[in-house]
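input-v9.tsv follows; it contains TSV, C-alpha atoms.
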chain	number	residue	atom	x	y	z
J	201	MET	CA	170.40	76.01	-81.75
J	202	ASP	CA	172.77	76.96	-78.95
J	203	GLN	CA	174.17	73.87	-77.27
J	204	LYS	CA	177.08	75.50	-75.45
J	205	GLY	CA	176.70	76.37	-71.81
J	206	ILE	CA	176.32	79.92	-70.59
J	207	LEU	CA	178.59	81.37	-67.93
J	208	ILE	CA	176.42	83.05	-65.31
J	209	VAL	CA	177.54	85.32	-62.50
J	210	VAL	CA	175.14	85.80	-59.60
J	211	SER	CA	175.75	88.66	-57.18
J	212	GLY	CA	173.42	90.50	-54.85
J	213	PHE	CA	172.93	92.44	-51.66
J	214	SER	CA	174.17	90.70	-48.55
J	215	GLY	CA	171.25	88.88	-47.07
J	216	SER	CA	169.39	88.81	-50.38
J	217	GLY	CA	169.24	85.03	-50.06
J	218	LYS	CA	171.19	84.31	-53.22
J	219	GLY	CA	172.96	81.31	-51.72
J	220	THR	CA	169.65	79.59	-50.99
J	221	LEU	CA	168.36	80.47	-54.46
J	222	MET	CA	171.41	78.89	-56.11
J	223	LYS	CA	171.14	75.68	-54.09
J	224	GLU	CA	167.45	75.33	-54.99
J	225	LEU	CA	168.10	76.04	-58.69
J	226	LEU	CA	170.82	73.37	-58.75
J	227	ALA	CA	168.63	70.89	-56.87
J	228	ARG	CA	165.76	71.35	-59.35
J	229	HIS	CA	167.90	71.14	-62.48
J	230	PRO	CA	171.00	69.08	-61.67
J	231	ASP	CA	171.64	68.22	-65.34
J	232	THR	CA	171.35	71.79	-66.55
J	233	TYR	CA	173.55	73.71	-64.16
J	234	ALA	CA	176.96	73.38	-62.55
J	235	LEU	CA	178.05	75.53	-59.66
J	236	SER	CA	181.62	76.73	-59.98
J	237	ILE	CA	183.84	75.63	-57.10
J	238	SER	CA	186.25	78.26	-55.83
J	239	ALA	CA	189.83	77.69	-54.84
J	240	THR	CA	190.89	79.14	-51.50
J	241	THR	CA	193.89	79.27	-49.22
J	242	ARG	CA	191.80	79.31	-46.06
J	243	ARG	CA	191.63	76.12	-44.01
J	244	PRO	CA	188.66	73.78	-44.41
J	245	ARG	CA	186.02	74.12	-41.71
J	246	GLU	CA	184.37	71.17	-39.98
J	247	GLY	CA	182.36	69.23	-42.57
J	248	GLU	CA	183.86	70.88	-45.65
J	249	ALA	CA	185.38	68.60	-48.27
J	250	ASP	CA	188.06	69.40	-50.84
J	251	GLY	CA	186.45	69.70	-54.29
J	252	ARG	CA	182.95	70.10	-52.86
J	253	GLU	CA	182.76	73.38	-50.92
J	254	TYR	CA	186.17	74.57	-52.14
J	255	PHE	CA	189.39	73.41	-53.68
J	256	PHE	CA	191.71	73.88	-50.70
J	257	VAL	CA	195.22	74.89	-51.77
J	258	THR	CA	198.30	76.40	-50.19
J	259	LYS	CA	199.31	80.03	-50.68
J	260	GLU	CA	202.17	78.85	-52.94
J	261	GLU	CA	199.85	76.75	-55.07
J	262	PHE	CA	197.38	79.62	-55.36
J	263	GLU	CA	200.05	82.08	-56.44
J	264	LYS	CA	201.27	79.59	-59.02
J	265	MET	CA	197.68	79.40	-60.37
J	266	ILE	CA	197.61	83.21	-60.64
J	267	ALA	CA	200.95	83.25	-62.46
J	268	LYS	CA	199.86	80.58	-64.92
J	269	GLY	CA	196.56	82.36	-65.68
J	270	GLU	CA	194.59	79.45	-64.30
J	271	LEU	CA	192.08	81.66	-62.48
J	272	ILE	CA	189.23	83.54	-64.13
J	273	GLU	CA	189.17	85.99	-61.25
J	274	TYR	CA	190.49	86.13	-57.71
J	275	ALA	CA	190.53	88.34	-54.66
J	276	LYS	CA	192.17	88.46	-51.26
J	277	TYR	CA	190.05	88.84	-48.13
J	278	VAL	CA	191.70	89.04	-44.70
J	279	GLU	CA	194.92	87.27	-45.67
J	280	ASN	CA	193.17	84.54	-47.66
J	281	TYR	CA	192.90	84.15	-51.39
J	282	TYR	CA	189.67	83.14	-53.12
J	283	GLY	CA	189.47	82.52	-56.85
J	284	THR	CA	187.64	80.76	-59.70
J	285	PRO	CA	189.67	78.03	-61.44
J	286	ARG	CA	189.32	78.28	-65.19
J	287	GLY	CA	189.69	74.56	-65.97
J	288	TYR	CA	186.56	73.38	-64.14
J	289	VAL	CA	184.42	76.18	-65.60
J	290	GLU	CA	185.57	75.62	-69.17
J	291	GLN	CA	185.10	71.86	-68.92
J	292	LYS	CA	181.51	72.22	-67.69
J	293	LEU	CA	180.71	74.80	-70.40
J	294	ARG	CA	182.01	72.39	-73.06
J	295	GLU	CA	179.74	69.69	-71.62
J	296	GLY	CA	176.84	72.06	-72.32
J	297	LYS	CA	176.17	72.98	-68.70
J	298	ASP	CA	175.28	76.50	-67.65
J	299	VAL	CA	177.92	77.33	-65.07
J	300	ILE	CA	177.05	79.57	-62.14
J	301	LEU	CA	179.58	81.70	-60.28
J	302	GLU	CA	178.48	83.34	-57.06
J	303	ILE	CA	180.88	86.26	-56.68
J	304	GLU	CA	181.10	89.95	-55.79
J	305	ILE	CA	180.76	92.80	-58.25
J	306	GLN	CA	184.46	93.45	-58.85
J	307	GLY	CA	185.00	89.79	-59.71
J	308	ALA	CA	181.85	89.85	-61.85
J	309	LEU	CA	183.15	92.71	-63.96
J	310	ASN	CA	186.52	90.98	-64.38
J	311	VAL	CA	184.83	87.80	-65.55
J	312	LYS	CA	182.71	89.78	-68.02
J	313	LYS	CA	185.87	91.38	-69.41
J	314	MET	CA	187.46	87.99	-70.02
J	315	PHE	CA	184.21	86.29	-71.20
J	316	PRO	CA	182.00	88.95	-72.79
J	317	ASP	CA	179.10	86.51	-73.19
J	318	THR	CA	178.80	86.13	-69.42
J	319	LEU	CA	175.29	86.64	-68.10
J	320	LEU	CA	175.21	88.87	-65.01
J	321	MET	CA	172.33	88.55	-62.54
J	322	PHE	CA	171.81	90.64	-59.43
J	323	VAL	CA	169.62	89.44	-56.55
J	324	THR	CA	167.82	92.10	-54.56
J	325	PRO	CA	165.10	92.24	-51.90
J	326	PRO	CA	161.72	93.35	-53.31
J	327	SER	CA	162.00	96.94	-52.08
J	328	ALA	CA	164.27	99.50	-50.51
J	329	GLY	CA	162.16	99.18	-47.35
J	330	GLU	CA	162.83	95.46	-47.19
J	331	LEU	CA	166.54	96.07	-47.73
J	332	LYS	CA	166.48	98.61	-44.88
J	333	LYS	CA	164.91	96.06	-42.57
J	334	ARG	CA	167.59	93.52	-43.34
J	335	LEU	CA	170.34	96.07	-42.79
J	336	ILE	CA	169.02	97.38	-39.49
J	337	GLY	CA	168.14	93.92	-38.20
J	338	ARG	CA	165.98	93.50	-35.10
J	339	GLY	CA	167.19	96.62	-33.39
J	340	THR	CA	169.74	94.64	-31.40
J	341	GLU	CA	172.71	95.46	-33.63
J	342	THR	CA	175.30	98.07	-32.72
J	343	LEU	CA	175.49	101.23	-34.78
J	344	ASP	CA	178.92	100.07	-36.00
J	345	VAL	CA	177.49	96.88	-37.44
J	346	ILE	CA	174.62	98.71	-39.12
J	347	GLU	CA	176.94	101.29	-40.58
J	348	SER	CA	179.33	98.73	-42.00
J	349	ARG	CA	176.40	96.83	-43.54
J	350	MET	CA	175.10	100.06	-44.99
J	351	ASP	CA	178.47	100.96	-46.51
J	352	ARG	CA	178.63	97.57	-48.12
J	353	ALA	CA	175.05	97.82	-49.45
J	354	CYS	CA	175.84	101.24	-50.94
J	355	GLU	CA	178.84	99.80	-52.75
J	356	GLU	CA	176.75	96.89	-53.99
J	357	ALA	CA	173.99	99.25	-55.16
J	358	GLU	CA	176.51	101.28	-57.16
J	359	GLY	CA	177.25	98.27	-59.32
J	360	MET	CA	173.68	97.11	-60.05
J	361	GLU	CA	173.53	98.85	-63.43
J	362	ASN	CA	176.29	96.63	-64.76
J	363	TYR	CA	174.16	93.52	-64.38
J	364	ASP	CA	171.93	92.23	-67.15
J	365	TYR	CA	169.00	91.20	-64.96
J	366	LEU	CA	167.56	92.05	-61.57
J	367	ILE	CA	166.17	89.11	-59.63
J	368	VAL	CA	163.70	90.23	-56.99
J	369	ASN	CA	163.75	87.70	-54.19
J	370	ASP	CA	160.26	87.85	-52.74
J	371	SER	CA	159.43	84.14	-52.84
J	372	LEU	CA	161.96	81.34	-53.21
J	373	ASP	CA	159.74	79.27	-55.46
J	374	ARG	CA	158.77	82.06	-57.85
J	375	CYS	CA	162.29	83.41	-57.90
J	376	VAL	CA	163.97	80.10	-58.78
J	377	GLY	CA	161.45	79.62	-61.59
J	378	GLU	CA	162.17	83.10	-62.87
J	379	MET	CA	165.95	82.65	-62.86
J	380	HIS	CA	165.58	79.40	-64.75
J	381	ALA	CA	163.27	81.03	-67.32
J	382	ILE	CA	165.66	83.95	-67.83
J	383	ILE	CA	168.59	81.61	-68.45
J	384	ARG	CA	166.56	79.42	-70.83
J	385	SER	CA	165.52	82.58	-72.71
J	386	GLU	CA	169.13	83.75	-72.96
J	387	HIS	CA	169.94	80.60	-74.93
J	388	ARG	CA	167.66	82.03	-77.65
J	389	ARG	CA	169.60	85.29	-78.00
J	390	SER	CA	170.75	85.71	-81.56
J	391	SER	CA	174.21	86.70	-80.31
J	392	ARG	CA	174.49	83.18	-78.85
J	393	ASN	CA	173.36	81.52	-82.08
J	394	ARG	CA	175.67	82.87	-84.74
J	395	GLU	CA	176.46	79.40	-86.09
J	396	PHE	CA	172.78	78.65	-86.63
J	397	MET	CA	172.31	81.90	-88.56
J	398	GLN	CA	175.49	81.32	-90.56
J	399	LYS	CA	174.28	77.83	-91.51
J	400	ILE	CA	170.96	79.16	-92.79
J	401	ARG	CA	172.70	81.83	-94.85
J	402	GLU	CA	175.13	79.31	-96.33
J	403	ASP	CA	172.30	76.97	-97.26
J	404	LEU	CA	170.38	79.75	-98.94
J	405	ALA	CA	173.50	80.79	-100.85
J	406	SER	CA	174.17	77.20	-101.98
J	407	MET	CA	170.61	76.95	-103.33
J	408	LYS	CA	171.20	80.00	-105.49
J	409	ARG	CA	174.24	78.48	-107.17
O	236	MET	CA	159.59	96.53	-60.73
O	237	ASP	CA	158.92	97.34	-64.37
O	238	GLN	CA	155.24	98.10	-64.95
O	239	LYS	CA	155.53	99.78	-68.33
O	240	GLY	CA	154.79	97.76	-71.42
O	241	ILE	CA	157.50	96.61	-73.79
O	242	LEU	CA	157.35	97.35	-77.50
O	243	ILE	CA	158.01	94.11	-79.38
O	244	VAL	CA	158.69	93.70	-83.07
O	245	VAL	CA	158.20	90.25	-84.55
O	246	SER	CA	159.61	89.50	-87.99
O	247	GLY	CA	160.59	86.25	-89.65
O	248	PHE	CA	161.02	84.25	-92.79
O	249	SER	CA	157.97	84.12	-95.02
O	250	GLY	CA	156.09	80.99	-94.12
O	251	SER	CA	157.69	80.79	-90.69
O	252	GLY	CA	154.20	80.80	-89.21
O	253	LYS	CA	154.66	84.01	-87.24
O	254	GLY	CA	151.09	85.14	-87.84
O	255	THR	CA	149.68	82.00	-86.24
O	256	LEU	CA	152.13	82.33	-83.34
O	257	MET	CA	151.02	85.89	-82.65
O	258	LYS	CA	147.33	84.99	-82.71
O	259	GLU	CA	147.90	82.14	-80.26
O	260	LEU	CA	150.04	84.30	-77.93
O	261	LEU	CA	147.31	86.96	-77.86
O	262	ALA	CA	144.59	84.35	-77.31
O	263	ARG	CA	146.44	82.85	-74.33
O	264	HIS	CA	147.32	86.17	-72.68
O	265	PRO	CA	144.72	88.74	-73.74
O	266	ASP	CA	145.44	91.00	-70.75
O	267	THR	CA	149.19	91.00	-71.24
O	268	TYR	CA	149.58	91.77	-74.92
O	269	ALA	CA	148.12	94.12	-77.50
O	270	LEU	CA	148.66	93.66	-81.21
O	271	SER	CA	149.36	96.89	-83.01
O	272	ILE	CA	146.86	97.67	-85.75
O	273	SER	CA	148.33	99.07	-88.95
O	274	ALA	CA	146.91	101.86	-91.02
O	275	THR	CA	146.62	101.22	-94.75
O	276	THR	CA	145.36	102.87	-97.88
O	277	ARG	CA	144.32	99.62	-99.50
O	278	ARG	CA	140.61	98.82	-99.62
O	279	PRO	CA	139.08	96.53	-96.99
O	280	ARG	CA	138.56	92.95	-98.13
O	281	GLU	CA	135.41	90.94	-97.46
O	282	GLY	CA	135.07	90.44	-93.71
O	283	GLU	CA	137.67	93.02	-92.66
O	284	ALA	CA	136.55	95.70	-90.24
O	285	ASP	CA	138.03	99.16	-89.72
O	286	GLY	CA	139.99	99.25	-86.46
O	287	ARG	CA	140.21	95.46	-86.25
O	288	GLU	CA	142.33	94.16	-89.15
O	289	TYR	CA	143.45	97.65	-90.18
O	290	PHE	CA	142.65	101.30	-89.85
O	291	PHE	CA	141.48	102.01	-93.38
O	292	VAL	CA	142.37	105.53	-94.50
O	293	THR	CA	142.64	107.47	-97.74
O	294	LYS	CA	145.95	108.31	-99.38
O	295	GLU	CA	145.50	111.95	-98.33
O	296	GLU	CA	144.83	110.99	-94.73
O	297	PHE	CA	147.85	108.67	-94.71
O	298	GLU	CA	150.16	111.35	-96.08
O	299	LYS	CA	148.87	113.78	-93.48
O	300	MET	CA	149.77	111.19	-90.79
O	301	ILE	CA	153.28	110.96	-92.24
O	302	ALA	CA	153.66	114.73	-92.27
O	303	LYS	CA	152.49	115.06	-88.67
O	304	GLY	CA	154.84	112.30	-87.44
O	305	GLU	CA	151.92	110.16	-86.38
O	306	LEU	CA	153.44	106.94	-87.73
O	307	ILE	CA	156.21	104.98	-86.03
O	308	GLU	CA	157.17	103.45	-89.36
O	309	TYR	CA	155.59	103.06	-92.77
O	310	ALA	CA	156.25	101.55	-96.16
O	311	LYS	CA	154.68	101.50	-99.60
O	312	TYR	CA	153.94	98.19	-101.32
O	313	VAL	CA	152.43	98.14	-104.82
O	314	GLU	CA	150.81	101.59	-104.67
O	315	ASN	CA	149.48	101.13	-101.14
O	316	TYR	CA	150.78	102.57	-97.90
O	317	TYR	CA	151.06	100.53	-94.71
O	318	GLY	CA	152.14	102.04	-91.40
O	319	THR	CA	152.05	101.82	-87.61
O	320	PRO	CA	150.09	104.61	-85.90
O	321	ARG	CA	151.96	105.96	-82.92
O	322	GLY	CA	148.93	106.91	-80.80
O	323	TYR	CA	147.51	103.41	-80.38
O	324	VAL	CA	150.93	101.92	-79.56
O	325	GLU	CA	151.80	104.57	-76.98
O	326	GLN	CA	148.39	104.34	-75.33
O	327	LYS	CA	148.68	100.55	-74.91
O	328	LEU	CA	152.24	100.82	-73.58
O	329	ARG	CA	151.06	103.35	-70.98
O	330	GLU	CA	148.35	100.90	-69.94
O	331	GLY	CA	151.16	98.44	-69.18
O	332	LYS	CA	150.52	96.17	-72.15
O	333	ASP	CA	153.33	94.65	-74.15
O	334	VAL	CA	152.59	95.80	-77.68
O	335	ILE	CA	153.45	93.55	-80.61
O	336	LEU	CA	154.23	94.82	-84.10
O	337	GLU	CA	154.45	92.29	-86.90
O	338	ILE	CA	156.58	94.04	-89.52
O	339	GLU	CA	159.47	93.55	-91.94
O	340	ILE	CA	163.10	94.10	-91.11
O	341	GLN	CA	163.43	97.63	-92.51
O	342	GLY	CA	160.48	98.78	-90.46
O	343	ALA	CA	161.87	96.91	-87.45
O	344	LEU	CA	165.15	98.79	-87.61
O	345	ASN	CA	163.33	102.12	-87.96
O	346	VAL	CA	161.22	101.37	-84.90
O	347	LYS	CA	164.34	100.41	-82.93
O	348	LYS	CA	165.95	103.73	-83.89
O	349	MET	CA	162.96	105.67	-82.60
O	350	PHE	CA	162.38	103.44	-79.54
O	351	PRO	CA	165.74	101.97	-78.51
O	352	ASP	CA	164.12	99.73	-75.86
O	353	THR	CA	162.20	97.83	-78.54
O	354	LEU	CA	162.58	94.07	-78.29
O	355	LEU	CA	163.24	92.45	-81.67
O	356	MET	CA	162.29	88.82	-82.25
O	357	PHE	CA	162.89	86.82	-85.41
O	358	VAL	CA	160.89	83.69	-86.20
O	359	THR	CA	162.65	80.98	-88.18
O	360	PRO	CA	161.99	77.37	-89.19
O	361	PRO	CA	164.06	74.88	-87.13
O	362	SER	CA	166.70	74.32	-89.81
O	363	ALA	CA	167.99	75.46	-93.16
O	364	GLY	CA	166.63	72.20	-94.60
O	365	GLU	CA	163.16	73.01	-93.36
O	366	LEU	CA	163.42	76.51	-94.79
O	367	LYS	CA	164.48	75.01	-98.14
O	368	LYS	CA	161.42	72.77	-98.15
O	369	ARG	CA	159.12	75.73	-97.56
O	370	LEU	CA	160.78	77.75	-100.31
O	371	ILE	CA	160.72	75.00	-102.91
O	372	GLY	CA	157.19	73.94	-102.05
O	373	ARG	CA	155.76	70.69	-103.41
O	374	GLY	CA	157.65	70.78	-106.67
O	375	THR	CA	154.69	72.36	-108.42
O	376	GLU	CA	155.97	75.94	-108.29
O	377	THR	CA	157.57	77.64	-111.27
O	378	LEU	CA	161.27	78.47	-111.12
O	379	ASP	CA	160.31	82.15	-111.08
O	380	VAL	CA	158.26	81.76	-107.92
O	381	ILE	CA	160.99	79.78	-106.20
O	382	GLU	CA	163.63	82.31	-107.17
O	383	SER	CA	161.63	85.26	-105.94
O	384	ARG	CA	160.97	83.45	-102.63
O	385	MET	CA	164.67	82.68	-102.36
O	386	ASP	CA	165.68	86.28	-102.99
O	387	ARG	CA	163.32	87.39	-100.28
O	388	ALA	CA	164.60	84.75	-97.83
O	389	CYS	CA	168.18	85.86	-98.51
O	390	GLU	CA	167.27	89.45	-97.72
O	391	GLU	CA	165.48	88.35	-94.56
O	392	ALA	CA	168.46	86.22	-93.52
O	393	GLU	CA	170.81	89.20	-93.90
O	394	GLY	CA	168.94	91.04	-91.18
O	395	MET	CA	168.69	88.27	-88.57
O	396	GLU	CA	171.73	89.48	-86.61
O	397	ASN	CA	169.94	92.71	-85.77
O	398	TYR	CA	167.29	90.89	-83.78
O	399	ASP	CA	167.62	90.21	-80.07
O	400	TYR	CA	166.15	86.72	-80.10
O	401	LEU	CA	165.65	83.86	-82.52
O	402	ILE	CA	162.37	81.98	-82.16
O	403	VAL	CA	162.59	78.52	-83.67
O	404	ASN	CA	159.12	77.52	-84.79
O	405	ASP	CA	159.10	73.74	-84.49
O	406	SER	CA	155.94	73.34	-82.43
O	407	LEU	CA	153.25	75.98	-81.97
O	408	ASP	CA	152.66	75.15	-78.32
O	409	ARG	CA	156.34	75.13	-77.26
O	410	CYS	CA	157.06	78.18	-79.32
O	411	VAL	CA	154.27	80.34	-77.89
O	412	GLY	CA	155.39	79.37	-74.39
O	413	GLU	CA	158.95	80.30	-75.22
O	414	MET	CA	158.02	83.71	-76.64
O	415	HIS	CA	155.99	84.47	-73.56
O	416	ALA	CA	158.87	83.41	-71.26
O	417	ILE	CA	161.36	85.55	-73.18
O	418	ILE	CA	159.14	88.62	-72.92
O	419	ARG	CA	158.49	88.01	-69.19
O	420	SER	CA	162.24	87.71	-68.68
O	421	GLU	CA	162.90	90.94	-70.54
O	422	HIS	CA	160.83	92.78	-67.94
O	423	ARG	CA	163.57	91.83	-65.46
O	424	ARG	CA	166.38	93.46	-67.46
O	425	SER	CA	168.12	96.03	-65.33
O	426	SER	CA	168.01	98.49	-68.23
O	427	ARG	CA	164.19	98.36	-67.95
O	428	ASN	CA	164.25	98.92	-64.19
O	429	ARG	CA	166.30	102.07	-63.68
O	430	GLU	CA	163.67	103.63	-61.43
O	431	PHE	CA	163.73	100.65	-59.09
O	432	MET	CA	167.51	100.83	-58.80
O	433	GLN	CA	167.40	104.59	-58.34
O	434	LYS	CA	164.87	104.21	-55.54
O	435	ILE	CA	167.04	101.70	-53.68
O	436	ARG	CA	170.08	103.97	-53.98
O	437	GLU	CA	168.13	106.98	-52.74
O	438	ASP	CA	166.80	105.06	-49.78
O	439	LEU	CA	170.27	103.86	-48.83
O	440	ALA	CA	171.58	107.42	-49.13
O	441	SER	CA	168.78	108.79	-46.95
O	442	MET	CA	169.59	106.22	-44.25
O	443	LYS	CA	173.17	107.46	-44.14
O	444	ARG	CA	172.14	111.02	-43.49

Show this structure as structure tokens.
Amino acid sequence: MDQKGILIVVSGFSGSGKGTLMKELLARHPDTYALSISATTRRPREGEADGREYFFVTKEEFEKMIAKGELIEYAKYVENYYGTPRGYVEQKLREGKDVILEIEIQGALNVKKMFPDTLLMFVTPPSAGELKKRLIGRGTETLDVIESRMDRACEEAEGMENYDYLIVNDSLDRCVGEMHAIIRSEHRRSSRNREFMQKIREDLASMKR
Amino acid sequence: MDQKGILIVVSGFSGSGKGTLMKELLARHPDTYALSISATTRRPREGEADGREYFFVTKEEFEKMIAKGELIEYAKYVENYYGTPRGYVEQKLREGKDVILEIEIQGALNVKKMFPDTLLMFVTPPSAGELKKRLIGRGTETLDVIESRMDRACEEAEGMENYDYLIVNDSLDRCVGEMHAIIRSEHRRSSRNREFMQKIREDLASMKR
């Protein structure tokens, strides 16, 4: 059956806890998953190491990567580039790892266009009420902050339908187990096992001869 | 999240052991699944009870069910009708049960046409070699028997691509666990949770007002 890795994009509402989920999933199954490392032109912060948190590159290097098609997707936020280097992802997939990308919706859709087999997962709080709470905070935020969070959440909500699965983050433990089960199940999709089906058909045909 | 039941069709190569799998899945999770009971015009065999193995009906009753659209799918084998009554399936789905239909590929595709959300699973031996063994038997079968089995397997293999998942039956225990995990995962598909997404969008919109 399917031995190749699956490319997985994880997005979600801000504050949905997807970062924590990813870390826990990786920690539980270090031989199964690889987390994609982004390239960025922003400077490393205290404690960040090149090739661990990010690949730190110059603007010139980044633009060369764009020109050469070495990035699966990229975006510019506040003067800094962020992108997903293709080489690392493809190498890990060949090794049979399921590779996880934690990116925003626009990037997710671009990845899906380039790799149609990409699995898209969206992390959400368990209810609209819970989402509200996280947006409004403890009542100490300014209206400006709340409004900008709300705008962002609305944008994020618009894109949910494009994702294959919704991951409801109510409990870290349950949620990590569920993500793992969904990804394991995806390996059994017939669309990911065409070679296996082809082999069976060929064998049946050769018996008839 | 998704509380409605999922309609599941299970097909597979003859001798793939799908019947045993289904029985074990039902035995382990009696509150989660319901096995659809077929209607048939053939006579009950020793030990079969009406409404348990089959709904036993007359040819006239069966043809009335066809005319009234009370069957999700039906077929005729050797002078006898077999079909899936719609009422029982829809009732169980409303109760939140995942309803399993064990039928052949042609019926499976008809069900999928009528209920596009149907989940199609195909049970296969672990390898073409294993399938060969099961077709050839212990070397005591006539060539006629082997050829008719082979023809049937070829037909079955042609349809595999139409199924959503391949279930490789190498060990009963592992396999039942895998089927259950796949079905649980399917409940998290965003296409099965449109109401949940709609609710979140409405709540975000109402906050903006």

Within 8 Å of Ile367 (chain J), counting all atoms listed in the file, which residues qualify if same-chain residues fewer than 5 places away don't, as a PyMOL selection string?
(chain J and resi 321-324+375+378-379) or (chain O and resi 423)

Exercise for review: Between CA of Arg352 (chain J) and CA of Arg242 (chain J), measure the distance and give it in Å to one decimal.
Suggested key: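 CA of Arg242 (chain J) lies 22.6 Å from CA of Arg352 (chain J).
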
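Using only C-alpha atoms, the smallest distance between any of J:Glu356, J:Asp317, J:Glu295, J:Asp373 and Arg389 (chain J) comes from J:Asp317.
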
For chain O, the closest of J:Phe213, J:Glu263, J:Leu372, J:Lys276 counting all atoms listed in the file is J:Phe213

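In terms of minimum interatomic distance to Gly217 (chain J), J:Arg334 ranks closest within J:Arg394, J:Lys204, J:Arg334, J:Arg384, counting all atoms listed in the file.
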
Students should find that CA of Ile300 (chain J) and CA of Val209 (chain J) are spaced 5.8 Å
